[in-house]
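*Asks:* Structure: model22.cif, mmCIF, N, CA and C atoms.
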```
data_structure
#
loop_
_atom_site.label_atom_id
_atom_site.label_comp_id
_atom_site.auth_asym_id
_atom_site.auth_seq_id
_atom_site.Cartn_x
_atom_site.Cartn_y
_atom_site.Cartn_z
N MET A 1 50.64 -62.14 -76.21
CA MET A 1 51.84 -62.88 -76.53
C MET A 1 52.68 -62.08 -77.53
N SER A 2 53.94 -62.23 -77.39
CA SER A 2 54.84 -61.46 -78.24
C SER A 2 54.81 -62.00 -79.67
N ASP A 3 55.18 -61.12 -80.58
CA ASP A 3 55.27 -61.52 -81.99
C ASP A 3 56.29 -62.64 -82.16
N GLU A 4 57.37 -62.57 -81.39
CA GLU A 4 58.41 -63.60 -81.49
C GLU A 4 57.87 -64.97 -81.05
N PHE A 5 57.12 -65.00 -79.95
CA PHE A 5 56.53 -66.26 -79.50
C PHE A 5 55.60 -66.82 -80.57
N LEU A 6 54.74 -65.96 -81.12
CA LEU A 6 53.79 -66.40 -82.15
C LEU A 6 54.52 -66.97 -83.37
N ARG A 7 55.59 -66.30 -83.76
CA ARG A 7 56.37 -66.76 -84.92
C ARG A 7 56.99 -68.13 -84.64
N VAL A 8 57.60 -68.28 -83.47
CA VAL A 8 58.26 -69.54 -83.12
C VAL A 8 57.23 -70.66 -82.96
N ALA A 9 56.11 -70.35 -82.31
CA ALA A 9 55.06 -71.37 -82.12
C ALA A 9 54.50 -71.82 -83.46
N LYS A 10 54.29 -70.89 -84.37
CA LYS A 10 53.78 -71.24 -85.70
C LYS A 10 54.77 -72.13 -86.43
N GLN A 11 56.06 -71.80 -86.34
CA GLN A 11 57.09 -72.64 -86.97
C GLN A 11 57.12 -74.03 -86.35
N GLU A 12 56.95 -74.10 -85.04
CA GLU A 12 56.97 -75.39 -84.34
C GLU A 12 55.79 -76.26 -84.78
N ILE A 13 54.62 -75.66 -84.90
CA ILE A 13 53.45 -76.42 -85.35
C ILE A 13 53.67 -76.92 -86.78
N GLN A 14 54.16 -76.04 -87.62
CA GLN A 14 54.43 -76.44 -89.00
C GLN A 14 55.44 -77.59 -89.03
N SER A 15 56.46 -77.51 -88.20
CA SER A 15 57.47 -78.56 -88.14
C SER A 15 56.87 -79.88 -87.65
N GLU A 16 56.01 -79.82 -86.65
CA GLU A 16 55.37 -81.04 -86.14
C GLU A 16 54.44 -81.66 -87.18
N ILE A 17 53.70 -80.83 -87.89
CA ILE A 17 52.83 -81.35 -88.95
C ILE A 17 53.68 -82.02 -90.04
N SER A 18 54.80 -81.40 -90.39
CA SER A 18 55.70 -82.00 -91.38
C SER A 18 56.25 -83.33 -90.89
N SER A 19 56.61 -83.39 -89.61
CA SER A 19 57.10 -84.64 -89.03
C SER A 19 56.02 -85.71 -89.09
N LEU A 20 54.79 -85.33 -88.77
CA LEU A 20 53.69 -86.29 -88.84
C LEU A 20 53.49 -86.81 -90.26
N GLU A 21 53.58 -85.90 -91.24
CA GLU A 21 53.45 -86.33 -92.63
C GLU A 21 54.54 -87.34 -93.01
N GLN A 22 55.76 -87.09 -92.56
CA GLN A 22 56.87 -87.99 -92.87
C GLN A 22 56.67 -89.36 -92.22
N ILE A 23 56.23 -89.35 -90.97
CA ILE A 23 56.00 -90.62 -90.27
C ILE A 23 54.89 -91.41 -90.96
N ILE A 24 53.78 -90.74 -91.26
CA ILE A 24 52.64 -91.40 -91.90
C ILE A 24 53.03 -91.92 -93.28
N SER A 25 53.89 -91.20 -93.99
CA SER A 25 54.29 -91.65 -95.33
C SER A 25 55.07 -92.96 -95.28
N ARG A 26 55.66 -93.27 -94.13
CA ARG A 26 56.39 -94.53 -93.97
C ARG A 26 55.49 -95.67 -93.49
N CYS A 27 54.26 -95.33 -93.16
CA CYS A 27 53.30 -96.35 -92.71
C CYS A 27 52.44 -96.79 -93.90
N ASN A 28 51.96 -98.02 -93.83
CA ASN A 28 51.10 -98.53 -94.89
C ASN A 28 49.79 -99.08 -94.36
N ASN A 29 49.70 -99.27 -93.04
CA ASN A 29 48.51 -99.91 -92.49
C ASN A 29 48.40 -99.63 -90.99
N ASP A 30 47.37 -100.20 -90.38
CA ASP A 30 47.12 -99.98 -88.95
C ASP A 30 48.27 -100.49 -88.09
N GLU A 31 48.87 -101.60 -88.47
CA GLU A 31 49.99 -102.15 -87.71
C GLU A 31 51.19 -101.19 -87.71
N HIS A 32 51.50 -100.64 -88.87
CA HIS A 32 52.60 -99.68 -88.95
C HIS A 32 52.30 -98.44 -88.11
N LEU A 33 51.05 -98.00 -88.12
CA LEU A 33 50.67 -96.85 -87.30
C LEU A 33 50.89 -97.19 -85.82
N PHE A 34 50.48 -98.37 -85.41
CA PHE A 34 50.69 -98.80 -84.03
C PHE A 34 52.18 -98.78 -83.69
N GLU A 35 53.02 -99.28 -84.58
CA GLU A 35 54.46 -99.33 -84.34
C GLU A 35 55.06 -97.93 -84.19
N ASN A 36 54.44 -96.92 -84.79
CA ASN A 36 54.93 -95.55 -84.72
C ASN A 36 54.07 -94.66 -83.82
N SER A 37 53.17 -95.29 -83.07
CA SER A 37 52.17 -94.52 -82.31
C SER A 37 52.78 -93.60 -81.26
N GLN A 38 53.85 -94.00 -80.63
CA GLN A 38 54.46 -93.17 -79.57
C GLN A 38 54.98 -91.85 -80.14
N ILE A 39 55.70 -91.91 -81.23
CA ILE A 39 56.26 -90.68 -81.81
C ILE A 39 55.16 -89.81 -82.43
N ILE A 40 54.14 -90.44 -83.00
CA ILE A 40 53.01 -89.68 -83.55
C ILE A 40 52.30 -88.95 -82.41
N GLU A 41 52.08 -89.66 -81.31
CA GLU A 41 51.40 -89.05 -80.16
C GLU A 41 52.20 -87.88 -79.62
N GLU A 42 53.52 -87.99 -79.58
CA GLU A 42 54.36 -86.89 -79.09
C GLU A 42 54.20 -85.64 -79.96
N CYS A 43 54.14 -85.81 -81.26
CA CYS A 43 53.94 -84.68 -82.17
C CYS A 43 52.56 -84.05 -81.95
N LEU A 44 51.54 -84.89 -81.86
CA LEU A 44 50.18 -84.40 -81.65
C LEU A 44 50.06 -83.67 -80.32
N HIS A 45 50.75 -84.18 -79.31
CA HIS A 45 50.71 -83.55 -77.99
C HIS A 45 51.26 -82.12 -78.04
N LYS A 46 52.35 -81.93 -78.77
CA LYS A 46 52.92 -80.57 -78.92
C LYS A 46 51.94 -79.65 -79.65
N ILE A 47 51.35 -80.16 -80.72
CA ILE A 47 50.40 -79.35 -81.51
C ILE A 47 49.19 -78.99 -80.65
N LYS A 48 48.68 -79.94 -79.90
CA LYS A 48 47.48 -79.69 -79.09
C LYS A 48 47.74 -78.60 -78.07
N GLY A 49 48.96 -78.47 -77.57
CA GLY A 49 49.29 -77.43 -76.61
C GLY A 49 49.54 -76.08 -77.24
N LEU A 50 50.24 -76.06 -78.35
CA LEU A 50 50.64 -74.80 -78.98
C LEU A 50 49.55 -74.15 -79.84
N ALA A 51 48.80 -74.94 -80.56
CA ALA A 51 47.85 -74.39 -81.53
C ALA A 51 46.86 -73.39 -80.92
N PRO A 52 46.22 -73.72 -79.81
CA PRO A 52 45.27 -72.74 -79.26
C PRO A 52 45.94 -71.42 -78.82
N MET A 53 47.22 -71.49 -78.46
CA MET A 53 47.94 -70.29 -78.03
C MET A 53 48.13 -69.28 -79.16
N ILE A 54 48.06 -69.77 -80.40
CA ILE A 54 48.26 -68.85 -81.53
C ILE A 54 46.99 -68.69 -82.36
N GLY A 55 45.86 -69.01 -81.74
CA GLY A 55 44.58 -68.80 -82.42
C GLY A 55 44.16 -69.92 -83.36
N GLN A 56 44.81 -71.05 -83.28
CA GLN A 56 44.47 -72.20 -84.12
C GLN A 56 43.70 -73.22 -83.29
N GLU A 57 42.56 -72.80 -82.76
CA GLU A 57 41.77 -73.65 -81.87
C GLU A 57 41.30 -74.93 -82.55
N LYS A 58 40.92 -74.83 -83.81
CA LYS A 58 40.43 -76.00 -84.54
C LYS A 58 41.53 -77.06 -84.64
N ILE A 59 42.73 -76.65 -84.97
CA ILE A 59 43.84 -77.60 -85.06
C ILE A 59 44.13 -78.16 -83.67
N GLY A 60 44.07 -77.32 -82.66
CA GLY A 60 44.30 -77.79 -81.30
C GLY A 60 43.29 -78.85 -80.88
N GLU A 61 42.03 -78.66 -81.22
CA GLU A 61 40.99 -79.62 -80.87
C GLU A 61 41.16 -80.92 -81.65
N ILE A 62 41.49 -80.82 -82.93
CA ILE A 62 41.73 -82.02 -83.74
C ILE A 62 42.93 -82.78 -83.18
N ALA A 63 43.99 -82.06 -82.83
CA ALA A 63 45.18 -82.70 -82.27
C ALA A 63 44.86 -83.34 -80.92
N LYS A 64 44.04 -82.69 -80.11
CA LYS A 64 43.66 -83.23 -78.80
C LYS A 64 42.91 -84.56 -78.96
N ILE A 65 41.95 -84.59 -79.84
CA ILE A 65 41.17 -85.81 -80.06
C ILE A 65 42.05 -86.90 -80.67
N SER A 66 42.87 -86.52 -81.64
CA SER A 66 43.77 -87.50 -82.28
C SER A 66 44.79 -88.02 -81.28
N ASP A 67 45.27 -87.15 -80.39
CA ASP A 67 46.19 -87.54 -79.34
C ASP A 67 45.55 -88.60 -78.43
N SER A 68 44.29 -88.41 -78.11
CA SER A 68 43.57 -89.39 -77.28
C SER A 68 43.45 -90.73 -77.99
N ILE A 69 43.21 -90.69 -79.28
CA ILE A 69 43.13 -91.93 -80.06
C ILE A 69 44.48 -92.64 -80.04
N LEU A 70 45.56 -91.88 -80.21
CA LEU A 70 46.89 -92.48 -80.19
C LEU A 70 47.21 -93.06 -78.81
N LYS A 71 46.81 -92.39 -77.75
CA LYS A 71 47.03 -92.93 -76.41
C LYS A 71 46.29 -94.26 -76.24
N TYR A 72 45.10 -94.33 -76.81
CA TYR A 72 44.34 -95.59 -76.78
C TYR A 72 45.12 -96.68 -77.53
N ILE A 73 45.62 -96.35 -78.70
CA ILE A 73 46.38 -97.32 -79.50
C ILE A 73 47.63 -97.77 -78.74
N ILE A 74 48.31 -96.83 -78.11
CA ILE A 74 49.52 -97.17 -77.36
C ILE A 74 49.20 -98.17 -76.25
N SER A 75 48.08 -97.96 -75.57
CA SER A 75 47.75 -98.84 -74.44
C SER A 75 47.03 -100.13 -74.86
N GLU A 76 46.26 -100.08 -75.94
CA GLU A 76 45.43 -101.22 -76.31
C GLU A 76 45.92 -102.00 -77.53
N GLY A 77 46.75 -101.39 -78.36
CA GLY A 77 47.25 -102.08 -79.55
C GLY A 77 46.60 -101.58 -80.83
N VAL A 78 46.77 -102.34 -81.87
CA VAL A 78 46.30 -101.98 -83.22
C VAL A 78 44.81 -101.66 -83.19
N LEU A 79 44.44 -100.56 -83.85
CA LEU A 79 43.05 -100.13 -83.94
C LEU A 79 42.66 -100.12 -85.41
N SER A 80 41.70 -100.92 -85.77
CA SER A 80 41.26 -101.02 -87.16
C SER A 80 40.78 -99.67 -87.69
N GLY A 81 41.30 -99.27 -88.83
CA GLY A 81 40.92 -98.02 -89.47
C GLY A 81 41.73 -96.81 -89.02
N SER A 82 42.64 -97.02 -88.08
CA SER A 82 43.38 -95.88 -87.53
C SER A 82 44.37 -95.28 -88.52
N TYR A 83 44.99 -96.10 -89.36
CA TYR A 83 45.95 -95.57 -90.32
C TYR A 83 45.29 -94.61 -91.30
N SER A 84 44.20 -95.03 -91.91
CA SER A 84 43.54 -94.16 -92.89
C SER A 84 42.98 -92.92 -92.22
N PHE A 85 42.46 -93.06 -91.00
CA PHE A 85 41.95 -91.92 -90.27
C PHE A 85 43.06 -90.91 -89.98
N MET A 86 44.18 -91.36 -89.43
CA MET A 86 45.28 -90.45 -89.08
C MET A 86 45.89 -89.83 -90.33
N SER A 87 46.00 -90.59 -91.37
CA SER A 87 46.54 -90.06 -92.62
C SER A 87 45.70 -88.89 -93.12
N LYS A 88 44.39 -89.07 -93.13
CA LYS A 88 43.49 -88.01 -93.55
C LYS A 88 43.51 -86.83 -92.58
N THR A 89 43.51 -87.13 -91.29
CA THR A 89 43.47 -86.08 -90.27
C THR A 89 44.71 -85.19 -90.33
N ILE A 90 45.87 -85.78 -90.53
CA ILE A 90 47.10 -84.99 -90.61
C ILE A 90 47.06 -84.08 -91.83
N GLY A 91 46.59 -84.61 -92.94
CA GLY A 91 46.42 -83.77 -94.13
C GLY A 91 45.44 -82.64 -93.90
N ASP A 92 44.36 -82.94 -93.19
CA ASP A 92 43.37 -81.91 -92.87
C ASP A 92 43.95 -80.83 -91.96
N MET A 93 44.74 -81.24 -90.96
CA MET A 93 45.37 -80.25 -90.08
C MET A 93 46.28 -79.31 -90.88
N LYS A 94 47.00 -79.88 -91.82
CA LYS A 94 47.88 -79.06 -92.65
C LYS A 94 47.07 -78.05 -93.46
N ARG A 95 45.98 -78.51 -94.06
CA ARG A 95 45.14 -77.60 -94.85
C ARG A 95 44.52 -76.51 -93.98
N ILE A 96 44.06 -76.86 -92.80
CA ILE A 96 43.50 -75.87 -91.89
C ILE A 96 44.57 -74.87 -91.48
N PHE A 97 45.75 -75.35 -91.19
CA PHE A 97 46.87 -74.49 -90.79
C PHE A 97 47.18 -73.45 -91.88
N HIS A 98 46.97 -73.85 -93.12
CA HIS A 98 47.23 -72.95 -94.25
C HIS A 98 45.99 -72.18 -94.70
N GLY A 99 44.97 -72.16 -93.83
CA GLY A 99 43.83 -71.30 -94.07
C GLY A 99 42.63 -71.91 -94.76
N LEU A 100 42.66 -73.19 -95.05
CA LEU A 100 41.52 -73.83 -95.69
C LEU A 100 40.58 -74.39 -94.62
N ASN A 101 39.31 -74.12 -94.76
CA ASN A 101 38.32 -74.61 -93.80
C ASN A 101 37.85 -75.98 -94.25
N VAL A 102 38.48 -77.03 -93.74
CA VAL A 102 38.20 -78.39 -94.18
C VAL A 102 36.86 -78.88 -93.65
N TYR A 103 36.59 -78.66 -92.38
CA TYR A 103 35.32 -79.05 -91.80
C TYR A 103 35.13 -78.39 -90.44
N ASP A 104 33.92 -78.42 -89.98
CA ASP A 104 33.58 -77.91 -88.66
C ASP A 104 34.03 -78.93 -87.62
N ILE A 105 34.43 -78.47 -86.46
CA ILE A 105 34.93 -79.38 -85.43
C ILE A 105 33.85 -80.36 -84.98
N SER A 106 32.59 -79.94 -84.98
CA SER A 106 31.52 -80.87 -84.60
C SER A 106 31.41 -82.01 -85.62
N ASP A 107 31.67 -81.72 -86.89
CA ASP A 107 31.69 -82.77 -87.92
C ASP A 107 32.83 -83.75 -87.66
N PHE A 108 33.98 -83.20 -87.25
CA PHE A 108 35.13 -84.04 -86.93
C PHE A 108 34.81 -84.96 -85.75
N LYS A 109 34.20 -84.41 -84.71
CA LYS A 109 33.85 -85.21 -83.54
C LYS A 109 32.87 -86.32 -83.92
N LYS A 110 31.92 -86.01 -84.78
CA LYS A 110 30.96 -87.02 -85.23
C LYS A 110 31.68 -88.11 -86.01
N LEU A 111 32.60 -87.72 -86.87
CA LEU A 111 33.39 -88.69 -87.64
C LEU A 111 34.15 -89.63 -86.70
N VAL A 112 34.78 -89.06 -85.70
CA VAL A 112 35.53 -89.87 -84.73
C VAL A 112 34.59 -90.81 -83.98
N HIS A 113 33.49 -90.28 -83.52
CA HIS A 113 32.53 -91.10 -82.78
C HIS A 113 31.98 -92.24 -83.65
N ASP A 114 31.68 -91.94 -84.90
CA ASP A 114 31.16 -92.97 -85.81
C ASP A 114 32.21 -94.03 -86.14
N ARG A 115 33.44 -93.59 -86.33
CA ARG A 115 34.50 -94.52 -86.73
C ARG A 115 35.05 -95.32 -85.56
N PHE A 116 35.15 -94.67 -84.40
CA PHE A 116 35.74 -95.32 -83.21
C PHE A 116 34.82 -95.15 -82.00
N PRO A 117 33.63 -95.72 -82.04
CA PRO A 117 32.64 -95.46 -80.98
C PRO A 117 33.06 -95.91 -79.59
N THR A 118 33.95 -96.88 -79.48
CA THR A 118 34.35 -97.35 -78.16
C THR A 118 35.63 -96.70 -77.64
N VAL A 119 36.24 -95.86 -78.45
CA VAL A 119 37.54 -95.28 -78.07
C VAL A 119 37.38 -94.03 -77.24
N LEU A 120 36.54 -93.11 -77.68
CA LEU A 120 36.39 -91.83 -77.01
C LEU A 120 34.94 -91.57 -76.65
N ASP A 121 34.76 -90.84 -75.58
CA ASP A 121 33.43 -90.41 -75.18
C ASP A 121 33.34 -88.92 -75.48
N LEU A 122 32.84 -88.58 -76.68
CA LEU A 122 32.78 -87.16 -77.08
C LEU A 122 31.39 -86.60 -76.86
#
```
Show this structure as structure tokens.
*Replies:*
Amino acid sequence: MSDEFLRVAKQEIQSEISSLEQIISRCNNDEHLFENSQIIEECLHKIKGLAPMIGQEKIGEIAKISDSILKYIISEGVLSGSYSFMSKTIGDMKRIFHGLNVYDISDFKKLVHDRFPTVLDL
């Protein structure tokens, strides 16, 4: 991939993470997250596609799993604990994007499975 593509993709991911932070900052609970779930899912969908292309596989996998959770929320409604989970996850994606190793992806999958056992089959 060209340097220009990598630069633009990195900027796009950073922009989407910033958008997610802004959306989450306006939410206070699971209901607010549900009300904003469509736009959050759209941001996560972009990240899940772009991140692996620029070597950010961990962020891509986190975005993929989080995207699936948001799709569940969109179709099923409010999910208990989803606001605090997404708030933490978005912060973690930002830290990983900036080079901090927050956790192993298998730990993340276990966290998701433990917190939302009926939502995803990981």
*Asks:* Pick the closest to Ser66 of chain A from A:Ser106, A:Glu21, A:Leu50, A:Leu120: which is it, counting only C-alpha atoms?
*Replies:*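 Result for the nearest residue to Ser66 of chain A: A:Leu120.
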*Asks:* Quick one: distance from atom CA of Asp104 of chain A to atom CA of Ile59 of chain A in Å, one decimal?
*Replies:*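 Separating atom CA of Asp104 of chain A from atom CA of Ile59 of chain A is a distance of 10.9 Å.
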*Asks:* If you count only N, CA and C atoms, which residues fall within 7 Å of segment 74-80 of chain A, apart from same-chain ones fewer than 3 positions away, as a ChimeraX atom specification?
*Replies:* /A:30-31,34,37-38,69-71,83
*Asks:* Go ahead and fit an axis-aligned box to every listed atom of segment 87-92 of chain A plus 3 Å each side, and pass me the centre and edge lengths in Å, one decimal, as AutoDock Vina command-line options.
*Replies:*
```
--center_x 45.2 --center_y -85.7 --center_z -92.2 --size_x 9.7 --size_y 15.8 --size_z 9.9
```
*Asks:* Which residues match the PyMOL selection byres ((chain A and resi 119) around 7) in the file above, as a ChimeraX atom specification?
*Replies:* /A:68-69,72,116-118,120-121
*Asks:* Got time to write the residues from that selection, N, CA and C atoms, as a PDB file, in the coordinates of the input?
*Replies:*
```
ATOM      1  N   SER A  68      44.290 -88.410 -78.110  1.00  0.00           N
ATOM      2  CA  SER A  68      43.570 -89.390 -77.280  1.00  0.00           C
ATOM      3  C   SER A  68      43.450 -90.730 -77.990  1.00  0.00           C
ATOM      4  N   ILE A  69      43.210 -90.690 -79.280  1.00  0.00           N
ATOM      5  CA  ILE A  69      43.130 -91.930 -80.060  1.00  0.00           C
ATOM      6  C   ILE A  69      44.480 -92.640 -80.040  1.00  0.00           C
ATOM      7  N   TYR A  72      45.100 -94.330 -76.810  1.00  0.00           N
ATOM      8  CA  TYR A  72      44.340 -95.590 -76.780  1.00  0.00           C
ATOM      9  C   TYR A  72      45.120 -96.680 -77.530  1.00  0.00           C
ATOM     10  N   PHE A 116      35.150 -94.670 -84.400  1.00  0.00           N
ATOM     11  CA  PHE A 116      35.740 -95.320 -83.210  1.00  0.00           C
ATOM     12  C   PHE A 116      34.820 -95.150 -82.000  1.00  0.00           C
ATOM     13  N   PRO A 117      33.630 -95.720 -82.040  1.00  0.00           N
ATOM     14  CA  PRO A 117      32.640 -95.460 -80.980  1.00  0.00           C
ATOM     15  C   PRO A 117      33.060 -95.910 -79.590  1.00  0.00           C
ATOM     16  N   THR A 118      33.950 -96.880 -79.480  1.00  0.00           N
ATOM     17  CA  THR A 118      34.350 -97.350 -78.160  1.00  0.00           C
ATOM     18  C   THR A 118      35.630 -96.700 -77.640  1.00  0.00           C
ATOM     19  N   LEU A 120      36.540 -93.110 -77.680  1.00  0.00           N
ATOM     20  CA  LEU A 120      36.390 -91.830 -77.010  1.00  0.00           C
ATOM     21  C   LEU A 120      34.940 -91.570 -76.650  1.00  0.00           C
ATOM     22  N   ASP A 121      34.760 -90.840 -75.580  1.00  0.00           N
ATOM     23  CA  ASP A 121      33.430 -90.410 -75.180  1.00  0.00           C
ATOM     24  C   ASP A 121      33.340 -88.920 -75.480  1.00  0.00           C
TER      25      ASP A 121
END
```
